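Just below is one structure, and these are the notes that go with it.
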Amino acid sequence: MFDIALYHAWVIPLLPAMAFVIITFFTKKMPKRSAGISITSILISFVLALSLGIGVIGQGERYLEHPLKVVVTWFSMNGLSIDVGTQIDTTSVMMLLVVTFITSLVEIYSLGYMHGDTGFARFFSYVSLFAASMLGLVLSPNLLQMFVFWELVGLCSYLLIGFWYHKKSAAEASKKAFITCRAGDFGLLLGIILLQLNFGTLDLQQLSKVIPHFTEYTGLTAAGLTGIAILLFLGPMAKSGQFPFHVWLPDAMEGPTPVSALIHAATMVVAGVYLVGRILILFVTLPSALAFVAFIGGFTALFSACIAITQTEMKKILAYSTVSQLGYMMLALGASSLSAGMFHLMTHAFFKALMFLGAGSVLHAMHDEANIWKYGGLKKYMPVTYWTFLIGCLAISGIFPFAGFFSKDLILEVTYAASSLSGQATGSFQGLYSLLFIMAALTAFMTAFYMFRMFFICFHGELRSHDAHPHEAPKVMTVPLIILGIFSFIGGWGGWPGLGEGQAFGYFVRVGNFHEIEANWFLIILSTGLALFGIGLAAIFYCKKTYSAEAVARKFPELYKISFHKFYIDEFYLWVIRHIVDKLGWLLWKFDYLFVDGIIVDGCGKAAQWSGSVMRRVQTGQLQHYAFVFFLAIVLIVLFLSLTDFNSIHVGLLLGGVK
Amino acid sequence: MNFPVLSIILLAPIIGALINVFIPKENSKLLKAVAGIATFISLALSILIYYIYYTQHLTTGGFAFQENIPWITDLGVSYALGVDGFSLPLVLLTSVIGFCAVFSRSWSTEKRVKEFYILLLFLTAGVMGAFVATDLFIFFLFYEVVVIPIYLMVIVWGSGSKTRQTVTKEYAGMKLTIYLLIGSAFLLAGIIWMVMLAGDILGNLTFDIAAIASVNFPEHLQIIIFGLMALGFTSLISMFPFHSWSPDGYAGAPTAVSMIHAGVLKKIGGYGLIRIGIFIFPLGAKFWAPAIAILATGNVLYAGFISLAQKDMKYVIGYSSVSHMGFVMVGIASLNVIGLNGAVANMFGHGIMAALFFSIIGYIYGVTKTRYIPDLGGLAHQMPRVAGAFLVASMASAGLPGLLTFIPEFTIFMGAFSNPTLRIIAFIVLTGIIIGAVYVLRMAASVLFGPRKAEWDYIQDIKGFSLVPIAILIALAVIFGLFPSLLMDMVNSGIQPIADKLVAASQIGGSL
C-alpha cells in the first residue's frame, strides 16, 4: 500500500476533486448522498496519507535528503517548460496528514452543524474542491503548480465565505478576501516569473540547489534577489493574513463556522507559511529578506493580539488570534527555522480547529447570537464543549504539557537564538531579533489574557441572555471536538526536549542540520510565567471580577477605541478605494466619454459632416457657374505655365499622365 | 487533390444561409435548425482537423489541408486556403462561437428571424474566411465582408444603454462600421504597396503570404508599411486610443454579434498583426513594438479603471475586453516566441471567455429586460445555473488557474519580462490582474448575490437549448485550462517559423 500511495500520490487530491464533480453534476439534489460521497473520499485520502506518513517516517533520512518526485510535462515551448506532479518528502507528508485529518473531522462535524441548510450538498461540494486544491498545493513539486492550487484554494475560500450569498455582508467579505489575496498574488506571480527568468526553473529541488550559489548561475546581485524574495513574500503575506493584508481574514468569518475552522484557521491560511517554508532556502540565503519575514511575522503577531483584546465576537477574537499565531509561524521561519514554523503550524491546526468548532457549537446552541456579552455560564449547559474549549485555550496559551507549549516555546527559542551570537545567518540584524523576541514574549502574555477573557465571559458566570436555551451539540459534533481535544493535548509531544534522531518532529521537518532540542529553562519559565500571568489577570477581571475591565477601558478611552476599531485600517482602505480608485475610474470614464469619444471620434464625424455641407454648395447646378470655374482654371494654368520654365516641367504632367 | 475540408468548413454556413433564404419567415424553428446544422458541420470538421493536425502534423509544422485554385491570374490572386498551428486554434474558436451564437438568447430576434440567421451565418463564414486564407487578397476580402452583416445586425437588432443615453444602436452600429472601414483603408494601402514592391522584386505579382514573406524589404519601407498595417489591425483589436468603438459597439449589438465580435472578429487584428505584419516586416515590427507596448499599457490600465466605473454589464465586459487586448498586445510587442505564443493563446482564451460572458449577459438581459447593475441583485436565488456560469466566466476573466486564460497570461508575462526593454511595461501591465479581479467580482457580487428580490421571482433558470453555448464554452474553458498543452503545443508549432524570422532578421540586420 505504501508503494502505491508513494508513486500514485496524485490520487490523494484527485479523490476529493472527483467528489466535487459528482456532487455538482449528479447528486446536488440529494444532500445525504452528497455528504456521504464527500466524506468517503476524504477518508480514503486520509488513509492513503496515513500509509504514506508511516512509510516515510520509517525511512525518514531517505525522503528528507531525496524527495520522491513524480512528474509529467504540463506544457512546454521553446525556453519554457512546466511540469506537474507530486513531490513526497517529510514536510509535504506532514502537511498532507494535517490537511486530510482536519478536513475529515470538519466534514463529519458539518453533518451536524449544516444539518437542514438548503445548501447542504453545495457545502460539501465546495469543501471537497477545497480539499483537492489544498492537497494539490501541498504536493506541488514546483512553484507554478503551487501557484495554480494556491489560486484554487483562494477560489474555494471565496465560494465558502460567500456561501450564504443572501447576506450582503457575506458577499462583500468574499469579494474582499479574493481581491486582497489577489493584490498579494501580484507579487507572488511576479516573483515566480522573475525566478523562472533568472534560474530557468521553478522546480523546488533544483531551486534549492542553485539559489545558495546564485551568483554563479545568474547575473543577479544580492539586492536584486532580495527584491525578488520580498515580492514573492507578498503572496504568502496576503494569504496568511500578515499585516497589512490581514483585513480579509476577520471578515472571512461570515462563512459557516466549519469553514472558518478548516480554511481560515487550520489549513488554507497556513498555505502562505507552507510556501515560505518550501522556498525557505531563498530567504535563508538573503539575511535581509529573512529579517523582513521575521519582522512582518513578529509585528503581525503583536499587532493583531492588540486588536483581539477588545473584540466582542467569539469568531472575530479567534480570527485575530489566528492572524497572530500565523505571525508567530512567520517569525519562526524568519528565524530560519523550518521546524519551528511547521511544528507550530501543526499544533495550531489542532487547537485552532478545536476552538473554532467549539465556537460553532456555542453559536449553534445560542441560535447564532454572536456577541459574547450575551453568553455566560455555558459551562453547565455544554460540558463537552466547555472542557474541550478549555484544552484549546490552555494549548494556545502555551501551558505545559499541552501542544501549544512545545511549539510556542520552540519559536521563542529560535528567535532568542537568532538574537544572540549562536544564531545562524542573521548578520547585522541581531538587534531586530532581540526586539522581535520581546514582542513575541509580550504576545504570548496577551494571547493567554484575551483567550481566557473570552473563555471566562462565555463559559463562566451567569447566562446573560434570557431568551436563549443553550444545549449541548449532537454526538456527530462533539466527537470531532473530543478527538481534536486529544490531539491538542498530545500533539506537541514530538517536540519534547531530548528527543533525538528519528524521533523528534524537528528531525523530520527541517532545512539544514538537525539539532537536538535542549530544554532552555529560562525560556520555559519565562513563557509559562507570562501565560499564567495572562490567565490570572483574565480571571481577576472577568471571572472573580475583583477589578472592573470597563473601568480600565474608561481610563484609556483612546487606546480602547483604537484597538476596538482595529487601528482604523479597514476604514483607511475603504477610503482609498472609494476616493482614489473609484474616482480615478470615474474620471477616466468621463475622459473617455467626453474627450476621446465626444471630441476626437465624434469630432471627426462632425468634421466630415460639416465639410460635406460646405462643399455641397459648390454644386449649384447652374451652367454659368461651372463655365466660370472652368474658365478661371484655364487662366490659372496658362499663368502658371508662362511664369515657370517650360523645360523643367515633366512632359507627363502636362499630358495628364498619359504615356 | 484531397478532400477540400477547409472549403466545406468555410462554405457550410454560407450554404446554410442560402437554404434559409428559401424557408418561409414564419418557420423560425426550422430557420434556427438549419443555422444550427450548418454551423455544427463547421464545428465538427474544425474539431476533426484540429485533432488530425495535433496528432499528425505537430512535429513537422507548416500548413496543412491546403487548397489552391488560381482565380485572377493577372493579379496573382488565387483561392488559396490552408491552416497551421497558428490559425487552427482561431478556426476552432470561430466555429465554436459561431455554433454557440446560434443558440444564444438575444432579446429582440423574435422579429425578422430569417434575416437574423442569414446574416449571422454570413458573419461566421466571413470571420472563418479570414483565418483560413493563405492569400492576402482572399484574407482582405473576407475581412471586409464581415463589416456589412455586423452593421445591419447592430442597427436592426441592437439596443441602447441606460448608462449612456446618447448611444443609440444606430450610433453604435455606425461608429463601429466607420471605424473599422477607416482602419481597413490604411491596411489596404499597405497591402497594395507591399504587393507592388514584392511584385517588382519577385518578377510577378502575387498575393501569396508565404511568397511575399520570402522577400527582404528594405528597412525604411518595412517601417512605413508595417505602420500603415498596424493602424488598421490595431484599431480592429481596439488598441488605446482607437478603442472607443468597442464598448459602444458591444453594448449596442445583439448577443450573437457581441459574442462573435468580441470572441473572434477582433482577433483578426492580432492575427493579421502577427501573420502579415511581423512575419513579412520583422524590422518594421521591431521599430513599432515599443510604441505598441506603451499603448497596450493604456489598454490594460485605462480601460481597466474605466471598467470599474461602469454600471451596465455589457459596458463592463466591453471595457474589460479592451483591457484584455492590452495583454495580447504586450505579448505581441515582446517579439519573442514565448510572448507571441502567449498572445495567440490569450486570443483564444479571451475569445471563449468573452463569448461566455456575453452569452450569459444576453440571457439575463433577455429575461430581466435590464443590464443595469443597480437594478439587478440576488439573481443566484432564481437562477443558480446562470450564477454558476457567471462565476466561471468571472474567474476566467480574472485569469484563475485551471481555466484556460491563466497559462496564456503567464506565458505573455514570461515573454514580456524576457525582453529587457519591456520589463517596466510588463511590471505595470501585471497590475492589471488585480484590477481585472476587482471589476468582475464587483459585478458578480452586485448581480448575483444579496437578498432575494421578489421582482425577479418570475424568472426561470436557463435550460434547454439556451444551455448549449454555456455548456460548450465552459467545457472548453476547463479542458484547455487543465490541459494547456492541447493549445500551447499547437500555437507553438505555428509561431515558431514567425519567431525564427524575427531572430534571423535581427541577426542579418535586414539589409538586402
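Chain labels run A, B, ... following the order of the C-alpha cells; each chain numbers its residues from 1, and ligands are numbered from 1 in the order shown.
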
Compile the residues of chain B that lie within 8 Å of chain A, evaluated using only C-alpha atoms, and express the compilation as a PDB file with N, CA, C and O atoms, in the first residue's frame.
ATOM      1  N   PRO B 241      -5.433  54.523 -28.404  1.00  0.00           N
ATOM      2  CA  PRO B 241      -6.707  55.217 -28.194  1.00  0.00           C
ATOM      3  C   PRO B 241      -7.744  54.952 -29.295  1.00  0.00           C
ATOM      4  O   PRO B 241      -8.637  55.753 -29.470  1.00  0.00           O
ATOM      5  N   SER B 244     -12.576  53.218 -28.872  1.00  0.00           N
ATOM      6  CA  SER B 244     -13.871  53.652 -28.350  1.00  0.00           C
ATOM      7  C   SER B 244     -15.052  53.058 -29.107  1.00  0.00           C
ATOM      8  O   SER B 244     -16.177  53.123 -28.644  1.00  0.00           O
ATOM      9  N   TYR B 302      -6.020  51.869 -18.358  1.00  0.00           N
ATOM     10  CA  TYR B 302      -7.048  52.870 -18.649  1.00  0.00           C
ATOM     11  C   TYR B 302      -8.408  52.193 -18.773  1.00  0.00           C
ATOM     12  O   TYR B 302      -9.363  52.534 -18.072  1.00  0.00           O
ATOM     13  N   PHE B 305      -9.556  50.596 -15.417  1.00  0.00           N
ATOM     14  CA  PHE B 305     -10.133  51.542 -14.454  1.00  0.00           C
ATOM     15  C   PHE B 305     -11.519  51.999 -14.891  1.00  0.00           C
ATOM     16  O   PHE B 305     -12.424  52.152 -14.075  1.00  0.00           O
ATOM     17  N   ILE B 306     -11.675  52.214 -16.204  1.00  0.00           N
ATOM     18  CA  ILE B 306     -12.988  52.648 -16.675  1.00  0.00           C
ATOM     19  C   ILE B 306     -14.011  51.556 -16.402  1.00  0.00           C
ATOM     20  O   ILE B 306     -15.150  51.823 -16.022  1.00  0.00           O
ATOM     21  N   SER B 307     -13.590  50.339 -16.575  1.00  0.00           N
ATOM     22  CA  SER B 307     -14.479  49.211 -16.317  1.00  0.00           C
ATOM     23  C   SER B 307     -15.031  49.259 -14.893  1.00  0.00           C
ATOM     24  O   SER B 307     -16.178  48.881 -14.649  1.00  0.00           O
ATOM     25  N   LEU B 308     -14.178  49.711 -13.958  1.00  0.00           N
ATOM     26  CA  LEU B 308     -14.608  49.810 -12.562  1.00  0.00           C
ATOM     27  C   LEU B 308     -15.799  50.744 -12.404  1.00  0.00           C
ATOM     28  O   LEU B 308     -16.615  50.586 -11.505  1.00  0.00           O
ATOM     29  N   ALA B 309     -15.871  51.745 -13.278  1.00  0.00           N
ATOM     30  CA  ALA B 309     -16.887  52.787 -13.096  1.00  0.00           C
ATOM     31  C   ALA B 309     -18.182  52.471 -13.835  1.00  0.00           C
ATOM     32  O   ALA B 309     -19.115  53.253 -13.770  1.00  0.00           O
ATOM     33  N   VAL B 337       9.398  34.189 -29.024  1.00  0.00           N
ATOM     34  CA  VAL B 337       8.479  33.082 -29.261  1.00  0.00           C
ATOM     35  C   VAL B 337       7.529  32.888 -28.077  1.00  0.00           C
ATOM     36  O   VAL B 337       6.335  32.615 -28.256  1.00  0.00           O
ATOM     37  N   ILE B 338       8.036  33.116 -26.857  1.00  0.00           N
ATOM     38  CA  ILE B 338       7.184  32.890 -25.701  1.00  0.00           C
ATOM     39  C   ILE B 338       6.058  33.910 -25.648  1.00  0.00           C
ATOM     40  O   ILE B 338       4.887  33.584 -25.489  1.00  0.00           O
ATOM     41  N   GLY B 378     -29.110  39.530  -6.337  1.00  0.00           N
ATOM     42  CA  GLY B 378     -29.678  38.301  -5.794  1.00  0.00           C
ATOM     43  C   GLY B 378     -30.160  37.313  -6.833  1.00  0.00           C
ATOM     44  O   GLY B 378     -30.969  36.439  -6.530  1.00  0.00           O
ATOM     45  N   LEU B 400      -8.039  32.917 -13.517  1.00  0.00           N
ATOM     46  CA  LEU B 400      -7.854  31.890 -12.485  1.00  0.00           C
ATOM     47  C   LEU B 400      -7.175  30.654 -13.082  1.00  0.00           C
ATOM     48  O   LEU B 400      -7.617  30.166 -14.110  1.00  0.00           O
ATOM     49  N   PRO B 401      -6.127  30.158 -12.441  1.00  0.00           N
ATOM     50  CA  PRO B 401      -5.510  28.926 -12.938  1.00  0.00           C
ATOM     51  C   PRO B 401      -6.521  27.790 -12.941  1.00  0.00           C
ATOM     52  O   PRO B 401      -7.402  27.732 -12.093  1.00  0.00           O
ATOM     53  N   GLY B 402      -6.354  26.890 -13.887  1.00  0.00           N
ATOM     54  CA  GLY B 402      -7.335  25.816 -14.017  1.00  0.00           C
ATOM     55  C   GLY B 402      -8.374  26.150 -15.068  1.00  0.00           C
ATOM     56  O   GLY B 402      -9.073  25.277 -15.547  1.00  0.00           O
ATOM     57  N   PHE B 413       3.517  37.116 -19.880  1.00  0.00           N
ATOM     58  CA  PHE B 413       4.410  37.838 -18.975  1.00  0.00           C
ATOM     59  C   PHE B 413       5.818  37.256 -18.992  1.00  0.00           C
ATOM     60  O   PHE B 413       6.786  38.000 -18.885  1.00  0.00           O
ATOM     61  N   MET B 414       5.915  35.930 -19.156  1.00  0.00           N
ATOM     62  CA  MET B 414       7.257  35.364 -19.306  1.00  0.00           C
ATOM     63  C   MET B 414       7.940  35.974 -20.512  1.00  0.00           C
ATOM     64  O   MET B 414       9.117  36.339 -20.464  1.00  0.00           O
ATOM     65  N   PHE B 417       8.745  39.773 -19.864  1.00  0.00           N
ATOM     66  CA  PHE B 417       9.863  40.027 -18.949  1.00  0.00           C
ATOM     67  C   PHE B 417      11.185  39.567 -19.537  1.00  0.00           C
ATOM     68  O   PHE B 417      12.242  40.060 -19.152  1.00  0.00           O
ATOM     69  N   SER B 418      11.153  38.609 -20.474  1.00  0.00           N
ATOM     70  CA  SER B 418      12.449  38.183 -21.021  1.00  0.00           C
ATOM     71  C   SER B 418      12.927  39.141 -22.106  1.00  0.00           C
ATOM     72  O   SER B 418      14.033  39.004 -22.587  1.00  0.00           O
ATOM     73  N   PHE B 427       5.827  45.106 -15.904  1.00  0.00           N
ATOM     74  CA  PHE B 427       5.524  45.270 -14.483  1.00  0.00           C
ATOM     75  C   PHE B 427       4.246  46.080 -14.296  1.00  0.00           C
ATOM     76  O   PHE B 427       3.370  45.722 -13.506  1.00  0.00           O
ATOM     77  N   LEU B 430       1.197  44.099 -15.372  1.00  0.00           N
ATOM     78  CA  LEU B 430       0.847  42.991 -14.475  1.00  0.00           C
ATOM     79  C   LEU B 430      -0.134  43.440 -13.386  1.00  0.00           C
ATOM     80  O   LEU B 430      -0.923  42.637 -12.894  1.00  0.00           O
ATOM     81  N   THR B 431      -0.097  44.731 -13.027  1.00  0.00           N
ATOM     82  CA  THR B 431      -1.064  45.191 -12.038  1.00  0.00           C
ATOM     83  C   THR B 431      -2.495  45.034 -12.548  1.00  0.00           C
ATOM     84  O   THR B 431      -3.445  45.037 -11.778  1.00  0.00           O
ATOM     85  N   ILE B 433      -3.894  42.468 -13.406  1.00  0.00           N
ATOM     86  CA  ILE B 433      -4.557  41.268 -12.878  1.00  0.00           C
ATOM     87  C   ILE B 433      -5.320  41.588 -11.591  1.00  0.00           C
ATOM     88  O   ILE B 433      -6.285  40.907 -11.265  1.00  0.00           O
ATOM     89  N   ILE B 434      -4.898  42.630 -10.879  1.00  0.00           N
ATOM     90  CA  ILE B 434      -5.652  42.998  -9.678  1.00  0.00           C
ATOM     91  C   ILE B 434      -6.941  43.709 -10.083  1.00  0.00           C
ATOM     92  O   ILE B 434      -8.028  43.355  -9.643  1.00  0.00           O
ATOM     93  N   ALA B 437      -9.558  41.486 -11.462  1.00  0.00           N
ATOM     94  CA  ALA B 437     -10.355  40.729 -10.479  1.00  0.00           C
ATOM     95  C   ALA B 437     -11.398  41.640  -9.843  1.00  0.00           C
ATOM     96  O   ALA B 437     -12.520  41.212  -9.570  1.00  0.00           O
ATOM     97  N   VAL B 438     -11.039  42.904  -9.640  1.00  0.00           N
ATOM     98  CA  VAL B 438     -11.957  43.789  -8.921  1.00  0.00           C
ATOM     99  C   VAL B 438     -13.240  44.013  -9.710  1.00  0.00           C
ATOM    100  O   VAL B 438     -14.341  43.828  -9.191  1.00  0.00           O
ATOM    101  N   LEU B 441     -15.499  40.786 -10.045  1.00  0.00           N
ATOM    102  CA  LEU B 441     -16.086  40.309  -8.794  1.00  0.00           C
ATOM    103  C   LEU B 441     -17.117  41.283  -8.254  1.00  0.00           C
ATOM    104  O   LEU B 441     -18.115  40.888  -7.665  1.00  0.00           O
ATOM    105  N   ARG B 442     -16.868  42.583  -8.477  1.00  0.00           N
ATOM    106  CA  ARG B 442     -17.868  43.568  -8.075  1.00  0.00           C
ATOM    107  C   ARG B 442     -19.165  43.336  -8.815  1.00  0.00           C
ATOM    108  O   ARG B 442     -20.247  43.351  -8.234  1.00  0.00           O
ATOM    109  N   ALA B 445     -20.827  40.183  -7.577  1.00  0.00           N
ATOM    110  CA  ALA B 445     -21.448  40.342  -6.264  1.00  0.00           C
ATOM    111  C   ALA B 445     -22.742  41.145  -6.358  1.00  0.00           C
ATOM    112  O   ALA B 445     -23.738  40.802  -5.730  1.00  0.00           O
ATOM    113  N   PHE B 449     -25.440  38.119  -5.998  1.00  0.00           N
ATOM    114  CA  PHE B 449     -25.592  37.889  -4.571  1.00  0.00           C
ATOM    115  C   PHE B 449     -26.442  38.961  -3.923  1.00  0.00           C
ATOM    116  O   PHE B 449     -26.869  39.900  -4.559  1.00  0.00           O
ATOM    117  N   GLY B 450     -26.653  38.780  -2.655  1.00  0.00           N
ATOM    118  CA  GLY B 450     -27.512  39.707  -1.934  1.00  0.00           C
ATOM    119  C   GLY B 450     -28.866  39.069  -1.706  1.00  0.00           C
ATOM    120  O   GLY B 450     -29.134  37.958  -2.163  1.00  0.00           O
ATOM    121  N   PRO B 451     -29.731  39.783  -0.974  1.00  0.00           N
ATOM    122  CA  PRO B 451     -31.029  39.203  -0.632  1.00  0.00           C
ATOM    123  C   PRO B 451     -31.874  38.928  -1.871  1.00  0.00           C
ATOM    124  O   PRO B 451     -31.709  39.572  -2.908  1.00  0.00           O
ATOM    125  N   ARG B 452     -32.777  37.976  -1.731  1.00  0.00           N
ATOM    126  CA  ARG B 452     -33.657  37.610  -2.827  1.00  0.00           C
ATOM    127  C   ARG B 452     -34.573  38.778  -3.162  1.00  0.00           C
ATOM    128  O   ARG B 452     -35.174  39.379  -2.286  1.00  0.00           O
ATOM    129  N   PHE B 483      -5.517  21.107 -19.396  1.00  0.00           N
ATOM    130  CA  PHE B 483      -4.511  20.526 -20.298  1.00  0.00           C
ATOM    131  C   PHE B 483      -4.037  21.588 -21.281  1.00  0.00           C
ATOM    132  O   PHE B 483      -4.352  21.550 -22.463  1.00  0.00           O
ATOM    133  N   PRO B 484      -3.276  22.558 -20.785  1.00  0.00           N
ATOM    134  CA  PRO B 484      -2.900  23.677 -21.663  1.00  0.00           C
ATOM    135  C   PRO B 484      -2.057  23.244 -22.855  1.00  0.00           C
ATOM    136  O   PRO B 484      -2.012  23.952 -23.849  1.00  0.00           O
ATOM    137  N   SER B 485      -1.410  22.081 -22.759  1.00  0.00           N
ATOM    138  CA  SER B 485      -0.558  21.707 -23.888  1.00  0.00           C
ATOM    139  C   SER B 485      -1.384  21.448 -25.147  1.00  0.00           C
ATOM    140  O   SER B 485      -0.866  21.551 -26.252  1.00  0.00           O
ATOM    141  N   MET B 488      -1.127  25.015 -26.267  1.00  0.00           N
ATOM    142  CA  MET B 488       0.192  25.636 -26.378  1.00  0.00           C
ATOM    143  C   MET B 488       1.071  24.925 -27.408  1.00  0.00           C
ATOM    144  O   MET B 488       1.803  25.573 -28.151  1.00  0.00           O
ATOM    145  N   ASP B 489       1.006  23.602 -27.479  1.00  0.00           N
ATOM    146  CA  ASP B 489       1.811  22.885 -28.473  1.00  0.00           C
ATOM    147  C   ASP B 489       1.426  23.325 -29.875  1.00  0.00           C
ATOM    148  O   ASP B 489       2.269  23.535 -30.744  1.00  0.00           O
ATOM    149  N   ASN B 492       2.523  26.884 -30.519  1.00  0.00           N
ATOM    150  CA  ASN B 492       3.973  26.939 -30.626  1.00  0.00           C
ATOM    151  C   ASN B 492       4.440  26.492 -32.012  1.00  0.00           C
ATOM    152  O   ASN B 492       5.334  27.090 -32.600  1.00  0.00           O
TER     153      ASN B 492
END

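The list of residues with at least one atom within 7 Å of range 312-327 of chain B, based on only C-alpha atoms and without residues fewer than 4 positions apart in the same chain, reads Thr163, Ile237, Ser238, His243, Ser246, Pro247, Tyr250, Ala251, Ala296, Thr297, Asn299, Val300, Leu301, Ala303, Gly304, Ile306, Ser307, Gly331, Arg371, Tyr372 and Ile373 of chain B.
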
key: DSSP-assigned strand (DSSP E or B) among range 20-154 of chain B, expressed as a VMD selection string   = chain B and resid 64 to 72 77 to 83 133 135

Write to file, as a compact mmCIF listing (two decimals), in the first residue's frame, the residues of the selection just made, with N, CA and C atoms.
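Writing done, so here's selection-v7.txt:
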# COMPACT_ATOMS: atom_id res chain seq x y z
N ALA B 64 -1.31 22.80 -43.54
CA ALA B 64 -1.92 21.53 -43.90
C ALA B 64 -3.30 21.81 -44.50
N PHE B 65 -3.87 20.80 -45.06
CA PHE B 65 -5.21 20.85 -45.68
C PHE B 65 -5.26 21.98 -46.72
N GLN B 66 -4.20 22.14 -47.47
CA GLN B 66 -4.15 23.29 -48.37
C GLN B 66 -5.02 23.06 -49.61
N GLU B 67 -5.57 24.15 -50.09
CA GLU B 67 -6.29 24.16 -51.36
C GLU B 67 -5.78 25.36 -52.12
N ASN B 68 -5.68 25.21 -53.44
CA ASN B 68 -5.19 26.34 -54.22
C ASN B 68 -5.79 26.32 -55.62
N ILE B 69 -6.67 27.27 -55.90
CA ILE B 69 -7.26 27.39 -57.22
C ILE B 69 -6.95 28.78 -57.73
N PRO B 70 -6.19 28.91 -58.83
CA PRO B 70 -5.91 30.25 -59.34
C PRO B 70 -7.21 30.96 -59.68
N TRP B 71 -7.26 32.25 -59.36
CA TRP B 71 -8.51 32.97 -59.56
C TRP B 71 -8.32 34.10 -60.56
N ILE B 72 -7.63 35.17 -60.13
CA ILE B 72 -7.36 36.26 -61.06
C ILE B 72 -5.88 36.18 -61.37
N VAL B 77 -3.84 36.49 -57.90
CA VAL B 77 -4.74 36.14 -56.81
C VAL B 77 -5.20 34.70 -56.99
N SER B 78 -5.13 33.92 -55.94
CA SER B 78 -5.72 32.60 -56.03
C SER B 78 -6.54 32.31 -54.78
N TYR B 79 -7.50 31.44 -54.99
CA TYR B 79 -8.33 30.99 -53.87
C TYR B 79 -7.48 29.97 -53.12
N ALA B 80 -6.67 30.46 -52.20
CA ALA B 80 -5.72 29.57 -51.51
C ALA B 80 -6.09 29.51 -50.04
N LEU B 81 -6.34 28.29 -49.57
CA LEU B 81 -6.66 28.11 -48.16
C LEU B 81 -5.62 27.18 -47.54
N GLY B 82 -5.50 27.28 -46.23
CA GLY B 82 -4.59 26.39 -45.53
C GLY B 82 -4.58 26.77 -44.07
N VAL B 83 -4.27 25.82 -43.20
CA VAL B 83 -4.19 26.15 -41.78
C VAL B 83 -2.90 25.63 -41.21
N ALA B 133 -7.58 31.77 -44.99
CA ALA B 133 -6.95 32.21 -46.23
C ALA B 133 -5.43 32.24 -46.10
N ASP B 135 -3.96 33.52 -48.88
CA ASP B 135 -3.76 34.52 -49.91
C ASP B 135 -4.26 35.85 -49.35

task = Counting only C-alpha atoms, figure out which residue out of B:Phe103, B:Leu43, B:Tyr51, B:Asn2 gets nearest to Lys29 in chain B.
result = B:Phe103
